[in-house]
Each structure stands twice: as structure tokens, then as C-alpha cells.
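Trainee: Here you go, this is structure_23.txt (compact mmCIF, C-alpha atoms).
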```txt
# COMPACT_ATOMS: atom_id res chain seq x y z
CA MET Q 1175 4.16 -41.46 -8.24
CA TRP Q 1176 2.58 -41.39 -4.77
CA GLN Q 1177 5.88 -40.30 -3.43
CA SER Q 1178 5.84 -37.21 -5.62
CA VAL Q 1179 2.20 -36.45 -4.79
CA ARG Q 1180 2.97 -36.71 -1.12
CA SER Q 1181 6.00 -34.49 -1.34
CA ALA Q 1182 4.08 -31.96 -3.41
CA LEU Q 1183 1.30 -32.04 -0.84
CA SER Q 1184 3.64 -31.56 2.07
CA VAL Q 1185 5.30 -28.64 0.32
CA PHE Q 1186 1.87 -27.14 -0.33
CA LEU Q 1187 0.73 -27.61 3.28
CA GLY Q 1188 3.95 -26.18 4.53
CA LEU Q 1189 3.44 -23.15 2.36
CA VAL Q 1190 -0.11 -22.71 3.63
CA LEU Q 1191 1.14 -22.89 7.21
CA VAL Q 1192 3.87 -20.33 6.58
CA LEU Q 1193 1.47 -17.98 4.83
CA THR Q 1194 -1.12 -18.32 7.58
CA VAL Q 1195 1.41 -17.52 10.26
CA CYS Q 1196 2.91 -14.61 8.34
CA ALA Q 1197 -0.46 -13.18 7.52
CA SER Q 1198 -1.82 -13.30 11.05
CA PRO Q 1199 -1.60 -9.61 11.97
CA ALA Q 1200 -2.61 -8.58 8.46
CA GLY Q 1201 -6.14 -7.65 7.70
CA ALA Q 1202 -5.49 -4.67 9.93
CA LYS Q 1203 -6.59 -1.63 8.03
CA VAL Q 1204 -6.51 2.08 8.58
CA ILE Q 1205 -9.24 4.66 8.14
CA SER Q 1206 -8.55 6.56 4.94
CA THR Q 1207 -8.05 10.30 5.24
CA SER Q 1208 -11.10 10.77 3.08
CA ASP Q 1209 -13.28 8.74 5.45
CA ALA Q 1210 -11.71 10.48 8.43
CA LEU Q 1211 -12.68 13.90 7.04
CA GLY Q 1212 -16.21 12.61 6.50
CA VAL Q 1213 -16.48 11.27 10.04
CA GLU Q 1214 -15.25 14.51 11.52
CA GLN Q 1215 -17.54 16.74 9.46
CA GLY Q 1216 -20.48 14.41 10.04
CA HIS Q 1217 -19.85 14.49 13.76
CA GLU Q 1218 -19.70 18.28 13.89
CA ALA Q 1219 -22.90 18.59 11.87
CA ARG Q 1220 -24.65 16.14 14.16
CA ALA Q 1221 -23.56 18.10 17.19
CA THR Q 1222 -24.87 21.35 15.63
CA VAL Q 1223 -28.28 19.87 14.87
CA ILE Q 1224 -28.62 18.20 18.26
CA ALA Q 1225 -27.54 21.34 20.10
CA TYR Q 1226 -30.14 23.28 18.12
CA LEU Q 1227 -32.89 20.86 19.04
CA ALA Q 1228 -31.86 21.02 22.70
CA ARG Q 1229 -32.28 24.81 22.88
CA GLU Q 1230 -35.07 25.87 25.19
CA ASP Q 1231 -36.94 28.01 22.67
CA VAL Q 1232 -36.71 25.32 20.02
CA ALA Q 1233 -37.82 22.59 22.44
CA ALA Q 1234 -40.78 24.79 23.50
CA LYS Q 1235 -41.75 25.33 19.87
CA LEU Q 1236 -41.51 21.62 19.19
CA ALA Q 1237 -43.70 20.84 22.20
CA ALA Q 1238 -46.25 23.45 21.11
CA LEU Q 1239 -46.43 21.72 17.75
CA GLY Q 1240 -46.93 18.38 19.45
CA VAL Q 1241 -43.56 16.89 18.58
CA ASP Q 1242 -41.68 15.02 21.25
CA PRO Q 1243 -38.22 16.69 21.42
CA GLU Q 1244 -36.67 13.35 22.29
CA LEU Q 1245 -38.13 11.85 19.13
CA ALA Q 1246 -36.81 14.76 17.11
CA ARG Q 1247 -33.38 14.24 18.62
CA LEU Q 1248 -33.43 10.54 17.76
CA ARG Q 1249 -34.49 11.28 14.22
CA ALA Q 1250 -31.73 13.84 13.85
CA ALA Q 1251 -29.20 11.30 15.06
CA ALA Q 1252 -30.36 8.87 12.38
CA LEU Q 1253 -29.90 11.23 9.43
CA SER Q 1254 -27.10 10.50 6.98
CA ALA Q 1255 -23.92 12.56 7.01
CA GLU Q 1256 -24.98 14.49 3.91
CA GLU Q 1257 -28.44 15.32 5.24
CA LEU Q 1258 -26.90 16.41 8.51
CA ALA Q 1259 -24.41 18.65 6.76
CA ALA Q 1260 -27.24 20.30 4.80
CA LEU Q 1261 -29.27 20.81 7.96
CA ALA Q 1262 -26.34 22.09 9.97
CA GLY Q 1263 -25.60 24.53 7.17
CA ARG Q 1264 -29.15 25.83 7.39
CA ILE Q 1265 -28.96 26.20 11.14
CA GLU Q 1266 -25.76 28.21 10.91
CA GLU Q 1267 -27.41 30.49 8.34
CA ALA Q 1268 -30.48 31.02 10.51
CA PRO Q 1269 -30.41 34.16 12.66
CA ALA Q 1270 -28.43 33.63 15.83
CA GLY Q 1271 -29.31 35.01 19.22
CA GLY Q 1272 -32.76 35.31 20.76
CA ASP Q 1273 -34.80 35.85 17.62
CA VAL Q 1274 -34.83 32.33 16.29
CA ILE Q 1275 -38.60 32.42 16.18
CA GLY Q 1276 -38.30 35.22 13.65
CA ILE Q 1277 -39.65 34.68 10.17
CA LEU Q 1278 -36.79 32.62 8.83
CA GLY Q 1279 -36.46 30.70 12.07
CA VAL Q 1280 -40.09 29.60 12.18
CA THR Q 1281 -40.18 28.57 8.56
CA PHE Q 1282 -36.99 26.68 8.94
CA LEU Q 1283 -38.06 25.09 12.17
CA VAL Q 1284 -41.38 23.89 10.79
CA LEU Q 1285 -39.68 22.45 7.73
CA LEU Q 1286 -37.09 20.81 9.92
CA ILE Q 1287 -39.71 19.23 12.12
CA LEU Q 1288 -41.83 18.04 9.22
CA GLU Q 1289 -38.74 16.59 7.67
CA LEU Q 1290 -37.67 14.92 10.88
CA VAL Q 1291 -40.98 13.22 11.45
CA GLY Q 1292 -40.88 12.04 7.87
CA ALA Q 1293 -43.83 14.06 6.58
CA ILE Q 1294 -41.92 15.78 3.80
CA ASP Q 1295 -38.73 15.26 1.94
CA ILE Q 1296 -37.23 18.68 1.31
CA PHE Q 1297 -33.77 18.58 2.76
CA LYS Q 1298 -32.72 15.50 0.85
CA LYS Q 1299 -33.06 17.56 -2.30
CA LEU Q 1300 -30.71 20.27 -1.11
CA MET O 1016 -4.02 20.79 -21.97
CA VAL O 1017 -4.10 21.51 -18.26
CA LEU O 1018 -2.35 18.18 -17.80
CA GLU O 1019 0.37 19.21 -20.25
CA ALA O 1020 0.89 22.53 -18.53
CA SER O 1021 1.35 20.54 -15.38
CA GLY O 1022 4.09 18.54 -17.06
CA VAL O 1023 2.23 15.41 -18.06
CA GLU O 1024 2.95 14.23 -21.57
CA THR O 1025 -0.19 12.93 -23.13
CA ASP O 1026 -2.25 13.42 -26.22
CA TYR O 1027 -5.80 14.46 -26.73
CA SER O 1028 -7.15 11.05 -27.70
CA THR O 1029 -5.66 9.37 -24.61
CA VAL O 1030 -7.41 11.81 -22.35
CA THR O 1031 -10.59 11.84 -24.38
CA SER O 1032 -10.87 8.09 -24.18
CA ARG O 1033 -10.51 8.38 -20.42
CA VAL O 1034 -12.98 11.16 -19.74
CA TYR O 1035 -15.54 10.66 -22.43
CA VAL O 1036 -18.52 8.81 -21.04
CA PRO O 1037 -20.42 7.18 -23.90
CA GLY O 1038 -24.08 8.04 -23.80
CA LEU O 1039 -23.46 11.46 -22.33
CA GLU O 1040 -22.50 14.46 -24.36
CA GLY O 1041 -19.18 15.70 -23.12
CA SER O 1042 -17.53 14.33 -20.03
CA LEU O 1043 -18.41 14.46 -16.41
CA GLN O 1044 -16.67 16.63 -13.87
CA ALA O 1045 -16.11 13.63 -11.61
CA GLU O 1046 -14.48 11.78 -14.47
CA MET O 1047 -12.29 14.79 -15.13
CA THR O 1048 -10.98 14.86 -11.60
CA ALA O 1049 -10.57 11.07 -11.53
CA THR O 1050 -8.54 11.27 -14.72
CA SER O 1051 -6.24 13.92 -13.30
CA ARG O 1052 -5.60 11.66 -10.30
CA HIS O 1053 -4.75 8.85 -12.66
CA PHE O 1054 -2.10 11.10 -14.18
CA GLY O 1055 -0.71 11.92 -10.76
CA ARG O 1056 -2.19 15.39 -10.39
CA ILE O 1057 -4.32 16.77 -7.56
CA ALA O 1058 -7.55 18.33 -8.80
CA TYR O 1059 -8.10 21.36 -6.58
CA PRO O 1060 -11.47 23.08 -7.05
CA LEU O 1061 -11.18 26.86 -6.79
CA ALA O 1062 -13.45 29.14 -4.84
CA PRO O 1063 -16.27 30.33 -7.15
CA GLU O 1064 -14.73 33.80 -7.40
CA PRO O 1065 -13.09 35.44 -10.41
CA ALA O 1066 -10.30 36.64 -8.11
CA ALA O 1067 -9.42 33.07 -7.14
CA LEU O 1068 -9.25 32.09 -10.79
CA LEU O 1069 -7.17 35.10 -11.79
CA ALA O 1070 -4.73 34.45 -8.94
CA GLU O 1071 -4.00 30.98 -10.30
CA ILE O 1072 -3.64 32.34 -13.83
CA ALA O 1073 -1.19 34.94 -12.57
CA ALA O 1074 0.80 32.11 -10.94
CA GLY O 1075 1.09 30.52 -14.37
CA ARG O 1076 -1.39 27.71 -13.88
CA PRO O 1077 -4.11 27.23 -16.48
CA VAL O 1078 -7.58 26.75 -15.02
CA LEU O 1079 -10.07 24.22 -16.28
CA VAL O 1080 -13.58 25.67 -16.21
CA LEU O 1081 -17.05 24.50 -17.07
CA LEU O 1082 -19.03 26.92 -19.20
CA ASN O 1083 -22.66 27.01 -20.21
CA LEU O 1084 -22.77 28.22 -23.80
CA GLY O 1085 -26.56 27.92 -23.87
CA LEU O 1086 -29.11 29.37 -21.51
CA PRO O 1087 -29.80 28.51 -17.88
CA SER O 1088 -32.97 26.73 -19.01
CA ARG O 1089 -31.34 25.05 -22.02
CA PRO O 1090 -27.76 24.45 -21.00
CA PHE O 1091 -25.02 23.56 -23.42
CA TRP O 1092 -22.08 22.43 -21.33
CA HIS O 1093 -18.57 23.01 -22.48
CA TYR O 1094 -15.17 22.61 -20.86
CA ALA O 1095 -12.55 25.21 -21.61
CA VAL O 1096 -9.17 26.15 -20.26
CA VAL O 1097 -8.51 29.70 -19.13
CA ILE O 1098 -4.92 30.51 -20.00
CA GLY O 1099 -4.74 34.21 -19.48
CA TYR O 1100 -6.37 37.52 -18.70
CA ASP O 1101 -5.78 40.78 -20.47
CA PRO O 1102 -6.79 43.51 -17.99
CA ASP O 1103 -6.27 46.37 -20.48
CA ASN O 1104 -8.92 45.07 -22.83
CA ASN O 1105 -10.78 43.12 -20.16
CA ARG O 1106 -10.50 39.91 -22.16
CA ILE O 1107 -10.23 36.32 -21.02
CA LEU O 1108 -7.93 34.07 -23.04
CA LEU O 1109 -9.09 30.52 -23.50
CA ARG O 1110 -8.29 27.26 -25.06
CA SER O 1111 -11.53 25.84 -26.19
CA GLY O 1112 -12.08 22.56 -27.95
CA THR O 1113 -9.38 22.30 -30.58
CA GLU O 1114 -8.81 26.05 -30.83
CA SER O 1115 -5.59 26.96 -29.14
CA ARG O 1116 -6.37 30.59 -28.42
CA VAL O 1117 -9.74 32.29 -28.12
CA GLU O 1118 -10.30 35.76 -26.73
CA ARG O 1119 -13.56 36.48 -25.06
CA LYS O 1120 -14.95 39.59 -23.40
CA ALA O 1121 -14.60 39.08 -19.67
CA ARG O 1122 -18.22 39.94 -19.10
CA SER O 1123 -19.71 37.40 -21.49
CA TRP O 1124 -17.26 34.77 -20.33
CA LEU O 1125 -18.26 35.45 -16.73
CA ARG O 1126 -21.92 34.94 -17.57
CA GLN O 1127 -21.18 31.59 -19.17
CA TRP O 1128 -19.15 30.61 -16.13
CA ASP O 1129 -21.91 31.85 -13.80
CA TRP O 1130 -24.48 29.75 -15.59
CA ALA O 1131 -22.31 26.68 -15.12
CA GLY O 1132 -22.08 27.15 -11.36
CA ARG O 1133 -18.61 28.72 -11.50
CA TRP O 1134 -16.88 25.36 -11.52
CA ALA O 1135 -13.12 25.66 -11.87
CA ILE O 1136 -10.19 23.41 -11.03
CA VAL O 1137 -6.44 23.56 -11.23
CA LEU O 1138 -4.18 20.55 -11.40
CA LEU O 1139 -1.36 20.47 -8.89
CA ARG O 1140 1.71 18.32 -8.75
CA PRO O 1141 2.07 16.58 -5.37
CA SER O 1142 4.78 19.15 -4.55
CA GLU O 1143 2.75 22.20 -5.64
CA TRP O 1144 0.62 24.44 -3.48
CA PRO O 1145 -2.27 26.62 -4.70
CA VAL O 1146 -2.08 30.40 -4.45
CA ARG O 1147 -5.08 30.61 -2.14
CA PRO O 1148 -5.36 27.35 -0.26
CA ASP O 1149 -8.72 26.88 1.37
CA ARG O 1150 -8.10 24.43 4.16
CA ALA O 1151 -11.29 22.35 3.95
CA ARG O 1152 -11.33 22.25 0.17
CA LEU O 1153 -7.65 21.43 -0.22
CA LEU O 1154 -7.75 18.73 2.46
CA ARG O 1155 -10.65 17.16 0.63
CA ALA O 1156 -8.76 17.34 -2.68
CA LEU O 1157 -5.67 15.78 -1.10
CA ALA O 1158 -7.74 13.04 0.53
CA ASP O 1159 -9.44 12.25 -2.79
CA PHE O 1160 -6.03 12.20 -4.40
CA GLU O 1161 -4.82 9.70 -1.78
CA ASP O 1162 -7.70 7.40 -2.73
CA GLY O 1163 -6.72 7.25 -6.39
CA ALA O 1164 -3.01 7.98 -6.64
CA ASP O 1165 -0.03 5.75 -6.06
CA PRO O 1166 1.18 5.79 -2.44
CA GLU O 1167 4.48 7.53 -3.24
CA SER O 1168 2.70 10.50 -4.84
CA ALA O 1169 0.17 10.58 -2.03
CA ARG O 1170 3.00 10.65 0.45
CA SER O 1171 4.77 13.58 -1.17
CA SER O 1172 1.49 15.50 -1.40
CA TRP O 1173 0.89 15.02 2.34
CA GLN O 1174 4.50 15.87 3.11
CA ASN O 1175 3.95 19.11 1.23
CA ALA O 1176 0.75 19.68 3.22
CA VAL O 1177 2.42 19.26 6.62
CA ASP O 1178 5.25 21.55 5.49
CA HIS O 1179 2.65 24.26 4.84
CA TRP O 1180 0.30 23.41 7.69
CA PRO O 1181 2.31 21.85 10.51
CA ASP O 1182 -0.67 22.49 12.82
CA GLU O 1183 -3.19 20.52 10.75
CA PRO O 1184 -3.88 17.08 12.32
CA ASN O 1185 -5.62 15.75 9.21
CA ALA O 1186 -2.54 16.46 7.10
CA TRP O 1187 -0.46 14.42 9.57
CA LEU O 1188 -3.11 11.72 9.40
CA GLY O 1189 -2.77 11.69 5.61
CA LEU O 1190 1.00 11.50 5.87
CA GLY O 1191 0.64 8.58 8.27
CA ASN O 1192 -1.81 6.81 5.99
CA SER O 1193 0.42 7.13 2.95
CA ALA O 1194 3.42 5.87 4.97
CA HIS O 1195 1.23 3.01 6.16
CA ALA O 1196 0.31 2.17 2.56
CA LEU O 1197 4.04 1.88 1.86
CA ALA O 1198 4.48 -0.34 4.93
CA ASP O 1199 6.75 2.28 6.50
CA TRP O 1200 5.46 1.62 10.02
CA ARG O 1201 7.94 3.85 11.78
CA ALA O 1202 7.09 6.92 9.68
CA ALA O 1203 3.38 6.12 9.98
CA GLU O 1204 3.65 5.94 13.76
CA THR O 1205 5.51 9.26 13.94
CA ALA O 1206 2.93 11.01 11.76
CA TYR O 1207 -0.05 9.60 13.67
CA ARG O 1208 1.54 10.70 16.93
CA ARG O 1209 1.97 14.21 15.54
CA ALA O 1210 -1.72 14.26 14.63
CA LEU O 1211 -2.62 13.12 18.14
CA ALA O 1212 -0.34 15.69 19.75
CA LEU O 1213 -2.31 18.38 17.90
CA ALA O 1214 -5.73 16.78 18.42
CA PRO O 1215 -5.70 14.30 21.32
CA THR O 1216 -9.30 13.27 20.67
CA HIS O 1217 -8.79 12.57 16.96
CA LEU O 1218 -10.42 9.14 16.73
CA PRO O 1219 -9.23 8.17 13.22
CA ALA O 1220 -5.64 9.03 14.20
CA ARG O 1221 -5.92 6.93 17.37
CA PHE O 1222 -7.44 4.06 15.43
CA ASN O 1223 -4.84 4.20 12.67
CA LEU O 1224 -1.93 4.42 15.10
CA ALA O 1225 -3.15 1.29 16.89
CA SER O 1226 -3.91 -0.50 13.63
CA SER O 1227 -0.51 0.38 12.21
CA LEU O 1228 1.31 -0.84 15.35
CA HIS O 1229 -0.75 -4.03 15.17
CA GLU O 1230 0.29 -4.61 11.60
CA ALA O 1231 3.91 -4.00 12.53
CA GLY O 1232 3.57 -6.85 15.03
CA ARG O 1233 3.26 -4.64 18.11
CA SER O 1234 -0.29 -5.55 19.08
CA CYS O 1235 0.32 -5.30 22.82
CA ALA O 1236 1.73 -1.80 22.48
CA ALA O 1237 -1.21 -0.87 20.28
CA LEU O 1238 -3.85 -1.66 22.92
CA PRO O 1239 -3.32 1.36 25.19
CA GLU O 1240 -2.99 3.61 22.12
CA LEU O 1241 -6.41 2.56 20.88
CA GLY O 1242 -7.93 3.55 24.19
CA SER O 1243 -11.63 3.28 24.79
CA ALA O 1244 -14.16 2.97 21.99
CA PRO O 1245 -16.47 5.88 21.15
CA PRO O 1246 -20.15 5.57 22.10
CA PRO O 1247 -22.21 3.02 20.13
CA ASP O 1248 -23.94 5.67 17.99
CA HIS O 1249 -20.59 6.88 16.65
CA PRO O 1250 -19.76 5.79 13.07
CA LEU O 1251 -16.39 4.39 14.19
CA TYR O 1252 -17.77 2.35 17.11
CA ARG O 1253 -17.67 -0.95 15.23
CA ASP O 1254 -14.18 -0.40 13.84
CA PHE O 1255 -12.90 0.34 17.33
CA THR O 1256 -14.47 -2.69 18.97
CA ALA O 1257 -13.34 -5.00 16.15
CA LEU O 1258 -9.77 -3.74 16.32
CA GLU O 1259 -9.73 -3.97 20.10
CA ARG O 1260 -10.76 -7.62 19.87
CA ALA O 1261 -8.10 -8.32 17.24
CA LEU O 1262 -5.46 -6.60 19.37
CA ARG O 1263 -6.40 -8.58 22.48
CA ASP O 1264 -6.30 -11.87 20.56
CA ALA O 1265 -2.98 -11.08 18.90
CA CYS O 1266 -1.44 -9.75 22.11
CA GLY O 1267 -2.57 -12.77 24.10
CA ALA O 1268 -1.27 -15.21 21.48
CA SER O 1269 2.03 -13.56 20.69
CA SER O 1270 5.28 -13.78 22.55
CA GLU O 1271 5.57 -10.00 22.40
CA ARG O 1272 6.36 -8.88 25.88
CA PRO O 1273 3.45 -6.98 27.36
CA GLN O 1274 4.54 -3.47 28.11
CA ARG O 1275 3.97 -1.79 31.38
CA TRP O 1276 1.95 1.37 31.33
CA PRO O 1277 1.81 3.69 34.29
```
Show the structure stored in the file as C-alpha cells.

Mentor:
Amino acid sequence: MWQSVRSALSVFLGLVLVLTVCASPAGAKVISTSDALGVEQGHEARATVIAYLAREDVAAKLAALGVDPELARLRAAALSAEELAALAGRIEEAPAGGDVIGILGVTFLVLLILELVGAIDIFKKL
Amino acid sequence: MVLEASGVETDYSTVTSRVYVPGLEGSLQAEMTATSRHFGRIAYPLAPEPAALLAEIAAGRPVLVLLNLGLPSRPFWHYAVVIGYDPDNNRILLRSGTESRVERKARSWLRQWDWAGRWAIVLLRPSEWPVRPDRARLLRALADFEDGADPESARSSWQNAVDHWPDEPNAWLGLGNSAHALADWRAAETAYRRALALAPTHLPARFNLASSLHEAGRSCAALPELGSAPPPDHPLYRDFTALERALRDACGASSERPQRWP
């Protein structure tokens, strides 16, 4: 009886050992294509928003409104991928060139800032 | 019906039981696309343009659309299948509910489609290609397909993608991932390297190449491929540092001969 328990046990332990050794490099995983697309788009959107905030005219406007541009940058970096994509989309729609402080630009900018400092919650609803 | 046109044999009740969400009237778009993946078809959303829809019809593919038969303020959602267009009479031909053929004036149909956000999808076999492929949208559809389909189908869909877009790194990444899922390390490595040749800074491709080599027991060779981790605020920072640690441990412990790198 004990003999058979012992032999069963040794077979079991042997199996565990074999499995452990075989499985050692496993657990390695790859990033799914879906996640990879998300990372890439998220990264581009982040870069767009941060580049926008770093522009001289935008930084000046932020300062005039009493918002620390560095704080705005940090808040932008903390937004989720979806929020960033929505924001980046808005920035690309906004008039390019020198006239960012035109009507659309100002409205957008103020909303962006208010959103960034957490005063309102508009962009999440986009 | 779109499934049948795409060559899947099924019956209405099978599909209905899969897409019908109890508690909601009708079925959800997400469920629809998930169901098509289950049946091995890629759900490709069309551009919200009548021309895009008509192009697919002309290619012989029925298009699944969402219609609003009510008003914008009081919507009544309805799925229908566009099976044809009669330009002489400006009529849209539909399958709707259990009716196999309904003709509707193009204008009133368009309004119903407009009021439903112009949602339209076609179902593609892994070897099929849409008439007007939009790169971002099709890559997303293929990636979603990869998440739900069996690895063999995912692999043939990505093979089809790299045949059409040999310059698209994300298609090579997808091909590598599906080869990886089938434990075909050599094919995975080749595909990841193609992605990296096109986009040397493609972090997911770098990560996956290293991870795949690691899994194939070549942890020491994987280390230089992984390269340096992205900055800490990058979403992949943790994955990179964790894999680097695993590679160092495995490389140090294994008898795999460390390779020399210039």
C-alpha cells in the first residue's frame, strides 16, 4: 500500500518537475495587434496635444489665464487614450497657422484648459 | 443573410440566438460584429458614404446597415441588408426582417440610414479584400478579428493584408502575432523583422520579436532585439522592463550560448 503511494507520489513529483522545466520560458506573451494599434494612435494623439500646448501663442494664452503650462502639459499626459484622441481630433480641426486665437481657437482653448484643470467635463462626452 | 452570402451555412435562429440581447429590443452592433467573427468573417465598417456602400454592392457583397425607421427624436432601430441598387428607378433593394426583397426609394432609404448614423458593414472572408480599403479602418477590423477568430483564419487574413500592403508594418505585426499564436516561431520572427525593417522604432514589433524569441528558447538572442525600454510615461514601459528582466534571468540560467553582437 505505502509502496504504491510512494511510487504514485514520485511519478507525480517527477511530472511536476518536468512540467516546471518545460514551462520555464512560457508566460512570455506578445502585444496583440489590437493593443499595438491603440498604443500607436494614443501616442500620436498625445504628441499632438503636447505639441499644441508647447506652442508659444498657446503657452502665452495659458499664462494670461493663470494656468501653469507645465501643469497643463502634465494633465494632458494623464488623459486616457480615448480622451486624447478626441482632443487631438479637435486640435487638427482648429484653424492652423497664426490665427489660432481666432474665434474657434479661443473657444476651444478655453474649453481645453477648463477641462484640463478639471473644472468641466466636456471632452469625455465627445 | 450576409453570413450566407459570404458562404457560411447557418439558419436564422442560430444567428438570432447569438445576437439577440435579452432586455434590449433588437441586437447590438457590437454583438453583430462579434458574431461575424465567431463565424470566421471579418466585419469591415464602410465609410459613411453612399458611394462606398454602392461599390460593395456592385462587387456582389450584401451590406448590413442600421436604419432608423422612426424619427431622430424617437428612434426605431432596424437592421436590414442592402442587396442591390436599381439606378434607373433610383431604388434600393433590401432584405428586411423576414421579407426577402423590399424595394425602397433611394431618398427615403438614405434618410433612414442618415438617422442611424450611416452605419454599414460588410463581412469578408479572411482571403477577401474590400473594394475601397481604408487603411486605419481595415487594420482595426483585422485586429479585432484576430482577437476573436481562430489563429489559422487570423493568419490568412494578415497574409492577405501583407499581400495588398507590403509596406504596412502593422500588417506584418499581425502576421507575426498570428504565427506566434500557432507557435510558428520562425514565421513569427520573419514577420516581426519585416515590420521592424519598415518601422525601426515600432515598439510593439520589437517587444513581440523579443518575446517570441524568448518563447522559442532563444532568450539571449532576444535581449539585443528588445533594446532599451521606452520612457516611464509610455504605456509599454512596464511590459518592456518585465520582459527584459525575464530575458536576463532566462539567459543567465540557460546553457544557450551568449551571442556576440558587434

Trainee: Let me make sure I understand: among Q:Val1204, Q:Leu1227, Q:Ala1221, Q:Ala1238, which one has the smallest atom-to-atom distance to chain O if we use only C-alpha atoms?

Mentor: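 Ranking Q:Val1204, Q:Leu1227, Q:Ala1221, Q:Ala1238 by distance to chain O, first place goes to Q:Val1204.
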
Trainee: Leaving out Ile1205 (chain Q) and any residue of its chain fewer than 3 positions from it, which residues lie within 7 Å of it when counting all atoms listed in the file, given as an MDAnalysis selection string?

Mentor: (chainID Q and resid 1209:1210) or (chainID O and resid 1219 1223)

Trainee: So which residues touch region 1140-1142 of chain O within 8 Å, counting all atoms listed in the file, skipping near sequence neighbours fewer than 6 positions away, as an MDAnalysis selection string?

Mentor: chainID O and resid 1021 1055:1057 1168:1169 1171:1173 1175

Trainee: Which is closer to chain Q than all the others in O:Tyr1252, O:Trp1144, O:Phe1222, O:Phe1054, using only C-alpha atoms?

Mentor: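 Nearest to chain Q: O:Phe1222.
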
Trainee: What does the structure give for the distance between CA of Pro1063 (chain O) and CA of Glu1143 (chain O), in Å to one decimal?

Mentor: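 One can read the CA of Pro1063 (chain O) to CA of Glu1143 (chain O) distance as 20.7 Å.
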
Trainee: Can you work out the spacing between CA of Trp1092 (chain O) and CA of Arg1106 (chain O) in Å, to one decimal?

Mentor: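 Between these atoms lies a distance of 21.0 Å.
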
Trainee: Contacts from chain O to chain Q, 8 Å maximum, all atoms listed in the file: show me the residue list as a list of chain:residue names.

Mentor: O:Arg1155, O:Ala1158, O:Asp1159, O:Glu1161, O:Asp1162, O:Asn1185, O:Leu1188, O:Gly1189, O:Asn1192, O:Pro1219, O:Phe1222, O:Asn1223, O:Ser1226, O:Ser1227, O:His1229, O:Glu1230, O:Ala1231, O:Gly1232, O:Pro1250, O:Leu1258, O:Ala1265

Trainee: Work out how far apart CA of Thr1205 (chain O) and CA of Pro1246 (chain O) are and give it in Å to one decimal.

Mentor: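 Taking CA of Thr1205 (chain O) and CA of Pro1246 (chain O), their separation equals 27.2 Å.
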